[in-house]
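Student: There's a structure below that I have some questions on.
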Amino acid sequence: MAAPPRTPDGRYLVVRGRLWRLADPHLAPAERERLVGDLMRARRAVRDAGDDEARAAARARVDAAKRGLGERGPVWWTDGAPDYNRRMARTTPYAEWFAALESEG
């Protein structure tokens, strides 16, 4: 299975036509590794939660890890470009690039 395509600027990957913000590439490797570990533990906690309170707490931990990674919250780039996270690629400035990808496949 091929890896999902990444936008030319390295800000997003595309899954089923939707843009998903990538982690901040400027994170130190140890910090990134720690945050990914936190995220995986939090996702398991969501899966294993026995009640709504535990599930809500685990989801808050998922959100905190994703914000730390730069996948949510303020954008990690500094050129003032808007965030298109979770938008359909065809409705963003990436539309032409994405259409070219689709026509290749």
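Here's how to read the names in the structure tokens: chain A, B, ... by the order shown, residue numbers from 1 in each chain, ligand numbers from 1 in the order shown.
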When DSSP is applied to the backbone of this structure, which of chain A are assigned strand (DSSP E or B)? Write them out as a PyMOL selection string.

Tutor: chain A and resi 6+12-15+18-21+88

Student: Write out the residues from the selection above, keeping all heavy atoms, as a compact mmCIF listing (two decimals), in the first residue's frame.

Tutor:
```txt
# COMPACT_ATOMS: atom_id res chain seq x y z
N ARG A 6 1.64 13.74 0.04
CA ARG A 6 1.86 14.94 0.87
C ARG A 6 1.88 16.14 -0.05
O ARG A 6 2.41 16.08 -1.17
CB ARG A 6 3.20 14.83 1.61
CG ARG A 6 3.16 13.75 2.65
CD ARG A 6 4.50 13.56 3.31
NE ARG A 6 4.43 12.51 4.30
CZ ARG A 6 4.79 12.63 5.56
NH1 ARG A 6 5.30 13.76 6.00
NH2 ARG A 6 4.66 11.63 6.40
N TYR A 12 0.53 19.06 4.69
CA TYR A 12 -0.61 18.14 4.82
C TYR A 12 -0.31 16.83 4.11
O TYR A 12 0.49 16.76 3.19
CB TYR A 12 -1.87 18.73 4.16
CG TYR A 12 -2.25 20.08 4.67
CD1 TYR A 12 -1.83 21.24 4.03
CD2 TYR A 12 -3.03 20.21 5.82
CE1 TYR A 12 -2.18 22.49 4.51
CE2 TYR A 12 -3.38 21.45 6.30
CZ TYR A 12 -2.95 22.59 5.64
OH TYR A 12 -3.29 23.83 6.12
N LEU A 13 -1.05 15.78 4.54
CA LEU A 13 -1.16 14.58 3.74
C LEU A 13 -2.61 14.49 3.32
O LEU A 13 -3.48 15.13 3.91
CB LEU A 13 -0.66 13.35 4.50
CG LEU A 13 -1.31 12.93 5.81
CD1 LEU A 13 -2.57 12.13 5.58
CD2 LEU A 13 -0.33 12.08 6.57
N VAL A 14 -2.88 13.70 2.30
CA VAL A 14 -4.23 13.61 1.76
C VAL A 14 -4.73 12.18 1.91
O VAL A 14 -4.08 11.23 1.45
CB VAL A 14 -4.27 14.01 0.27
CG1 VAL A 14 -5.70 13.97 -0.26
CG2 VAL A 14 -3.65 15.38 0.06
N VAL A 15 -5.87 12.04 2.58
CA VAL A 15 -6.50 10.74 2.75
C VAL A 15 -7.94 10.86 2.27
O VAL A 15 -8.69 11.71 2.77
CB VAL A 15 -6.47 10.30 4.24
CG1 VAL A 15 -7.20 8.96 4.40
CG2 VAL A 15 -5.04 10.21 4.74
N ARG A 18 -9.14 14.32 1.53
CA ARG A 18 -9.16 15.31 2.61
C ARG A 18 -7.75 15.60 3.09
O ARG A 18 -6.92 14.70 3.22
CB ARG A 18 -10.01 14.79 3.76
CG ARG A 18 -10.32 15.83 4.82
CD ARG A 18 -11.33 15.32 5.84
NE ARG A 18 -12.60 14.93 5.25
CZ ARG A 18 -13.60 15.76 4.98
NH1 ARG A 18 -13.48 17.05 5.24
NH2 ARG A 18 -14.72 15.31 4.47
N LEU A 19 -7.48 16.88 3.37
CA LEU A 19 -6.18 17.31 3.89
C LEU A 19 -6.13 17.09 5.40
O LEU A 19 -7.08 17.43 6.11
CB LEU A 19 -5.96 18.80 3.60
CG LEU A 19 -5.92 19.21 2.13
CD1 LEU A 19 -5.92 20.73 2.02
CD2 LEU A 19 -4.72 18.62 1.44
N TRP A 20 -5.00 16.55 5.86
CA TRP A 20 -4.76 16.37 7.29
C TRP A 20 -3.41 16.98 7.61
O TRP A 20 -2.40 16.63 6.99
CB TRP A 20 -4.78 14.88 7.67
CG TRP A 20 -6.13 14.29 7.47
CD1 TRP A 20 -6.59 13.63 6.37
CD2 TRP A 20 -7.24 14.35 8.38
NE1 TRP A 20 -7.90 13.26 6.54
CE2 TRP A 20 -8.33 13.70 7.77
CE3 TRP A 20 -7.40 14.89 9.65
CZ2 TRP A 20 -9.56 13.58 8.39
CZ3 TRP A 20 -8.63 14.77 10.26
CH2 TRP A 20 -9.70 14.11 9.63
N ARG A 21 -3.38 17.89 8.56
CA ARG A 21 -2.14 18.59 8.90
C ARG A 21 -1.10 17.63 9.46
O ARG A 21 -1.40 16.79 10.32
CB ARG A 21 -2.41 19.69 9.93
CG ARG A 21 -1.22 20.63 10.01
CD ARG A 21 -1.28 21.69 11.07
NE ARG A 21 -2.55 22.29 11.37
CZ ARG A 21 -2.78 22.95 12.50
NH1 ARG A 21 -1.85 23.09 13.42
NH2 ARG A 21 -3.95 23.48 12.72
N MET A 88 -11.54 19.37 2.11
CA MET A 88 -11.36 18.59 0.89
C MET A 88 -10.33 19.32 0.02
O MET A 88 -10.45 20.53 -0.20
CB MET A 88 -12.68 18.43 0.14
CG MET A 88 -13.73 17.64 0.93
SD MET A 88 -13.21 16.00 1.47
CE MET A 88 -13.12 15.15 -0.08
```

Student: If we count only C-alpha atoms, what is near stretch 99-102 of chain A at a cut-off of 12 Å, once residues fewer than 3 positions away on the same chain are taken out, given as a PyMOL selection string?

Tutor: chain A and resi 4-8+14+16-17+88-96+105

Student: Tell me which protein, DNA and RNA residues are within 7 Å of stretch 68-78 of chain A, counting only C-alpha atoms, leaving out same-chain ones fewer than 4 positions away, and put them as a list in words.

Tutor: Arg21, Leu22, Ala23, Asp24, Arg32, Leu35, Ala64 and Asp83 of chain A

Student: Restricted to N, CA and C atoms, what would the selected residues look like written as a CSV table (one decimal), in the first residue's frame?

Tutor:
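Written out: selection.csv:
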```
chain,number,residue,atom,x,y,z
A,21,ARG,N,-3.4,17.9,8.6
A,21,ARG,CA,-2.1,18.6,8.9
A,21,ARG,C,-1.1,17.6,9.5
A,22,LEU,N,0.1,17.8,9.0
A,22,LEU,CA,1.2,17.0,9.4
A,22,LEU,C,1.8,17.6,10.7
A,23,ALA,N,2.6,16.8,11.4
A,23,ALA,CA,3.3,17.3,12.6
A,23,ALA,C,4.4,18.3,12.2
A,24,ASP,N,4.7,19.1,13.1
A,24,ASP,CA,5.7,20.2,12.9
A,24,ASP,C,7.1,19.5,12.6
A,32,ARG,N,9.3,14.8,19.6
A,32,ARG,CA,8.4,14.2,18.7
A,32,ARG,C,8.1,12.7,19.1
A,35,LEU,N,5.9,12.8,22.2
A,35,LEU,CA,4.5,13.2,21.9
A,35,LEU,C,3.8,12.0,21.2
A,64,ALA,N,-4.3,17.0,23.4
A,64,ALA,CA,-3.1,17.7,23.9
A,64,ALA,C,-1.9,17.2,23.2
A,83,ASP,N,-4.9,27.8,7.4
A,83,ASP,CA,-4.9,26.4,7.7
A,83,ASP,C,-6.1,25.7,6.9
```

Student: Write out as an mmCIF file with N, CA, C and O atoms, in the first residue's frame all residues of stretch 2-92 of chain A that backbone DSSP assigns to alpha helix (DSSP H).

Tutor:
```
data_model
loop_
_atom_site.group_PDB
_atom_site.id
_atom_site.type_symbol
_atom_site.label_atom_id
_atom_site.label_comp_id
_atom_site.auth_asym_id
_atom_site.auth_seq_id
_atom_site.Cartn_x
_atom_site.Cartn_y
_atom_site.Cartn_z
ATOM 1 N N PRO A 29 13.685 15.490 17.606
ATOM 2 C CA PRO A 29 13.311 14.076 17.513
ATOM 3 C C PRO A 29 12.844 13.473 18.847
ATOM 4 O O PRO A 29 11.858 12.727 18.875
ATOM 5 N N ALA A 30 13.500 13.798 19.927
ATOM 6 C CA ALA A 30 13.106 13.242 21.226
ATOM 7 C C ALA A 30 11.724 13.754 21.640
ATOM 8 O O ALA A 30 10.905 12.988 22.184
ATOM 9 N N GLU A 31 11.441 15.026 21.376
ATOM 10 C CA GLU A 31 10.133 15.598 21.715
ATOM 11 C C GLU A 31 9.048 14.960 20.858
ATOM 12 O O GLU A 31 7.974 14.615 21.353
ATOM 13 N N ARG A 32 9.319 14.802 19.580
ATOM 14 C CA ARG A 32 8.354 14.162 18.683
ATOM 15 C C ARG A 32 8.074 12.733 19.149
ATOM 16 O O ARG A 32 6.918 12.316 19.228
ATOM 17 N N GLU A 33 9.106 11.995 19.470
ATOM 18 C CA GLU A 33 8.947 10.615 19.930
ATOM 19 C C GLU A 33 8.114 10.553 21.206
ATOM 20 O O GLU A 33 7.224 9.711 21.347
ATOM 21 N N ARG A 34 8.372 11.468 22.133
ATOM 22 C CA ARG A 34 7.604 11.513 23.379
ATOM 23 C C ARG A 34 6.135 11.791 23.101
ATOM 24 O O ARG A 34 5.238 11.121 23.630
ATOM 25 N N LEU A 35 5.871 12.784 22.241
ATOM 26 C CA LEU A 35 4.495 13.159 21.926
ATOM 27 C C LEU A 35 3.759 12.049 21.179
ATOM 28 O O LEU A 35 2.575 11.804 21.437
ATOM 29 N N VAL A 36 4.429 11.373 20.278
ATOM 30 C CA VAL A 36 3.798 10.247 19.567
ATOM 31 C C VAL A 36 3.465 9.138 20.560
ATOM 32 O O VAL A 36 2.390 8.538 20.494
ATOM 33 N N GLY A 37 4.367 8.877 21.497
ATOM 34 C CA GLY A 37 4.076 7.892 22.534
ATOM 35 C C GLY A 37 2.869 8.294 23.371
ATOM 36 O O GLY A 37 1.995 7.461 23.655
ATOM 37 N N ASP A 38 2.816 9.571 23.748
ATOM 38 C CA ASP A 38 1.652 10.080 24.494
ATOM 39 C C ASP A 38 0.369 9.881 23.689
ATOM 40 O O ASP A 38 -0.662 9.469 24.228
ATOM 41 N N LEU A 39 0.437 10.182 22.402
ATOM 42 C CA LEU A 39 -0.731 10.059 21.531
ATOM 43 C C LEU A 39 -1.194 8.607 21.447
ATOM 44 O O LEU A 39 -2.392 8.322 21.575
ATOM 45 N N MET A 40 -0.275 7.682 21.262
ATOM 46 C CA MET A 40 -0.658 6.275 21.152
ATOM 47 C C MET A 40 -1.261 5.754 22.464
ATOM 48 O O MET A 40 -2.263 5.035 22.447
ATOM 49 N N ARG A 41 -0.672 6.147 23.592
ATOM 50 C CA ARG A 41 -1.242 5.743 24.888
ATOM 51 C C ARG A 41 -2.641 6.328 25.074
ATOM 52 O O ARG A 41 -3.556 5.647 25.555
ATOM 53 N N ALA A 42 -2.812 7.584 24.678
ATOM 54 C CA ALA A 42 -4.120 8.230 24.821
ATOM 55 C C ALA A 42 -5.158 7.575 23.901
ATOM 56 O O ALA A 42 -6.314 7.377 24.310
ATOM 57 N N ARG A 43 -4.767 7.204 22.701
ATOM 58 C CA ARG A 43 -5.704 6.524 21.799
ATOM 59 C C ARG A 43 -6.128 5.172 22.365
ATOM 60 O O ARG A 43 -7.294 4.780 22.252
ATOM 61 N N ARG A 44 -5.185 4.452 22.948
ATOM 62 C CA ARG A 44 -5.537 3.173 23.581
ATOM 63 C C ARG A 44 -6.485 3.410 24.756
ATOM 64 O O ARG A 44 -7.426 2.628 24.980
ATOM 65 N N ALA A 45 -6.252 4.487 25.493
ATOM 66 C CA ALA A 45 -7.119 4.806 26.629
ATOM 67 C C ALA A 45 -8.536 5.130 26.156
ATOM 68 O O ALA A 45 -9.515 4.759 26.820
ATOM 69 N N VAL A 46 -8.667 5.801 25.008
ATOM 70 C CA VAL A 46 -10.005 6.068 24.446
ATOM 71 C C VAL A 46 -10.682 4.740 24.131
ATOM 72 O O VAL A 46 -11.833 4.506 24.501
ATOM 73 N N ARG A 47 -9.943 3.869 23.469
ATOM 74 C CA ARG A 47 -10.490 2.559 23.079
ATOM 75 C C ARG A 47 -10.934 1.753 24.304
ATOM 76 O O ARG A 47 -11.967 1.096 24.288
ATOM 77 N N ASP A 48 -10.128 1.811 25.363
ATOM 78 C CA ASP A 48 -10.367 0.970 26.534
ATOM 79 C C ASP A 48 -11.210 1.627 27.618
ATOM 80 O O ASP A 48 -11.463 1.008 28.656
ATOM 81 N N ASP A 52 -18.013 7.274 30.211
ATOM 82 C CA ASP A 52 -17.932 8.549 29.494
ATOM 83 C C ASP A 52 -16.873 9.473 30.079
ATOM 84 O O ASP A 52 -16.185 10.177 29.338
ATOM 85 N N GLU A 53 -16.728 9.470 31.391
ATOM 86 C CA GLU A 53 -15.743 10.339 32.030
ATOM 87 C C GLU A 53 -14.318 9.940 31.632
ATOM 88 O O GLU A 53 -13.493 10.797 31.282
ATOM 89 N N ALA A 54 -14.036 8.654 31.660
ATOM 90 C CA ALA A 54 -12.708 8.172 31.270
ATOM 91 C C ALA A 54 -12.450 8.435 29.791
ATOM 92 O O ALA A 54 -11.342 8.811 29.392
ATOM 93 N N ARG A 55 -13.487 8.254 28.969
ATOM 94 C CA ARG A 55 -13.354 8.504 27.528
ATOM 95 C C ARG A 55 -13.070 9.981 27.265
ATOM 96 O O ARG A 55 -12.208 10.330 26.460
ATOM 97 N N ALA A 56 -13.759 10.868 27.959
ATOM 98 C CA ALA A 56 -13.539 12.309 27.787
ATOM 99 C C ALA A 56 -12.123 12.698 28.214
ATOM 100 O O ALA A 56 -11.459 13.494 27.536
ATOM 101 N N ALA A 57 -11.647 12.126 29.309
ATOM 102 C CA ALA A 57 -10.286 12.422 29.769
ATOM 103 C C ALA A 57 -9.257 11.924 28.759
ATOM 104 O O ALA A 57 -8.272 12.613 28.463
ATOM 105 N N ALA A 58 -9.482 10.744 28.211
ATOM 106 C CA ALA A 58 -8.556 10.191 27.222
ATOM 107 C C ALA A 58 -8.575 11.024 25.939
ATOM 108 O O ALA A 58 -7.523 11.284 25.345
ATOM 109 N N ARG A 59 -9.744 11.459 25.533
ATOM 110 C CA ARG A 59 -9.826 12.304 24.324
ATOM 111 C C ARG A 59 -9.113 13.633 24.541
ATOM 112 O O ARG A 59 -8.497 14.170 23.613
ATOM 113 N N ALA A 60 -9.174 14.165 25.740
ATOM 114 C CA ALA A 60 -8.441 15.401 26.048
ATOM 115 C C ALA A 60 -6.940 15.161 25.935
ATOM 116 O O ALA A 60 -6.197 16.039 25.468
ATOM 117 N N ARG A 61 -6.471 13.975 26.334
ATOM 118 C CA ARG A 61 -5.046 13.641 26.196
ATOM 119 C C ARG A 61 -4.661 13.488 24.727
ATOM 120 O O ARG A 61 -3.563 13.886 24.327
ATOM 121 N N VAL A 62 -5.543 12.913 23.906
ATOM 122 C CA VAL A 62 -5.291 12.827 22.462
ATOM 123 C C VAL A 62 -5.138 14.238 21.902
ATOM 124 O O VAL A 62 -4.191 14.532 21.168
ATOM 125 N N ASP A 63 -6.061 15.116 22.261
ATOM 126 C CA ASP A 63 -6.016 16.486 21.765
ATOM 127 C C ASP A 63 -4.732 17.191 22.193
ATOM 128 O O ASP A 63 -4.092 17.871 21.383
ATOM 129 N N ALA A 64 -4.320 17.010 23.431
ATOM 130 C CA ALA A 64 -3.096 17.652 23.931
ATOM 131 C C ALA A 64 -1.876 17.162 23.161
ATOM 132 O O ALA A 64 -1.002 17.960 22.786
ATOM 133 N N ALA A 65 -1.811 15.872 22.888
ATOM 134 C CA ALA A 65 -0.674 15.338 22.135
ATOM 135 C C ALA A 65 -0.678 15.866 20.702
ATOM 136 O O ALA A 65 0.370 16.253 20.166
ATOM 137 N N LYS A 66 -1.850 15.905 20.064
ATOM 138 C CA LYS A 66 -1.927 16.404 18.693
ATOM 139 C C LYS A 66 -1.568 17.886 18.624
ATOM 140 O O LYS A 66 -0.930 18.327 17.676
ATOM 141 N N ARG A 67 -1.949 18.649 19.625
ATOM 142 C CA ARG A 67 -1.560 20.060 19.665
ATOM 143 C C ARG A 67 -0.054 20.194 19.848
ATOM 144 O O ARG A 67 0.586 21.035 19.229
ATOM 145 N N GLY A 68 0.511 19.368 20.694
ATOM 146 C CA GLY A 68 1.950 19.389 20.889
ATOM 147 C C GLY A 68 2.710 19.051 19.614
ATOM 148 O O GLY A 68 3.759 19.629 19.321
ATOM 149 N N LEU A 69 2.168 18.111 18.848
ATOM 150 C CA LEU A 69 2.789 17.728 17.579
ATOM 151 C C LEU A 69 2.595 18.786 16.489
ATOM 152 O O LEU A 69 3.291 18.767 15.477
#
```

Student: Which value, in Å to one decimal, gives the distance between atom CA of A:Ser103 and atom CA of A:Pro25?

Tutor: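 Distance between the two atoms: 29.1 Å.
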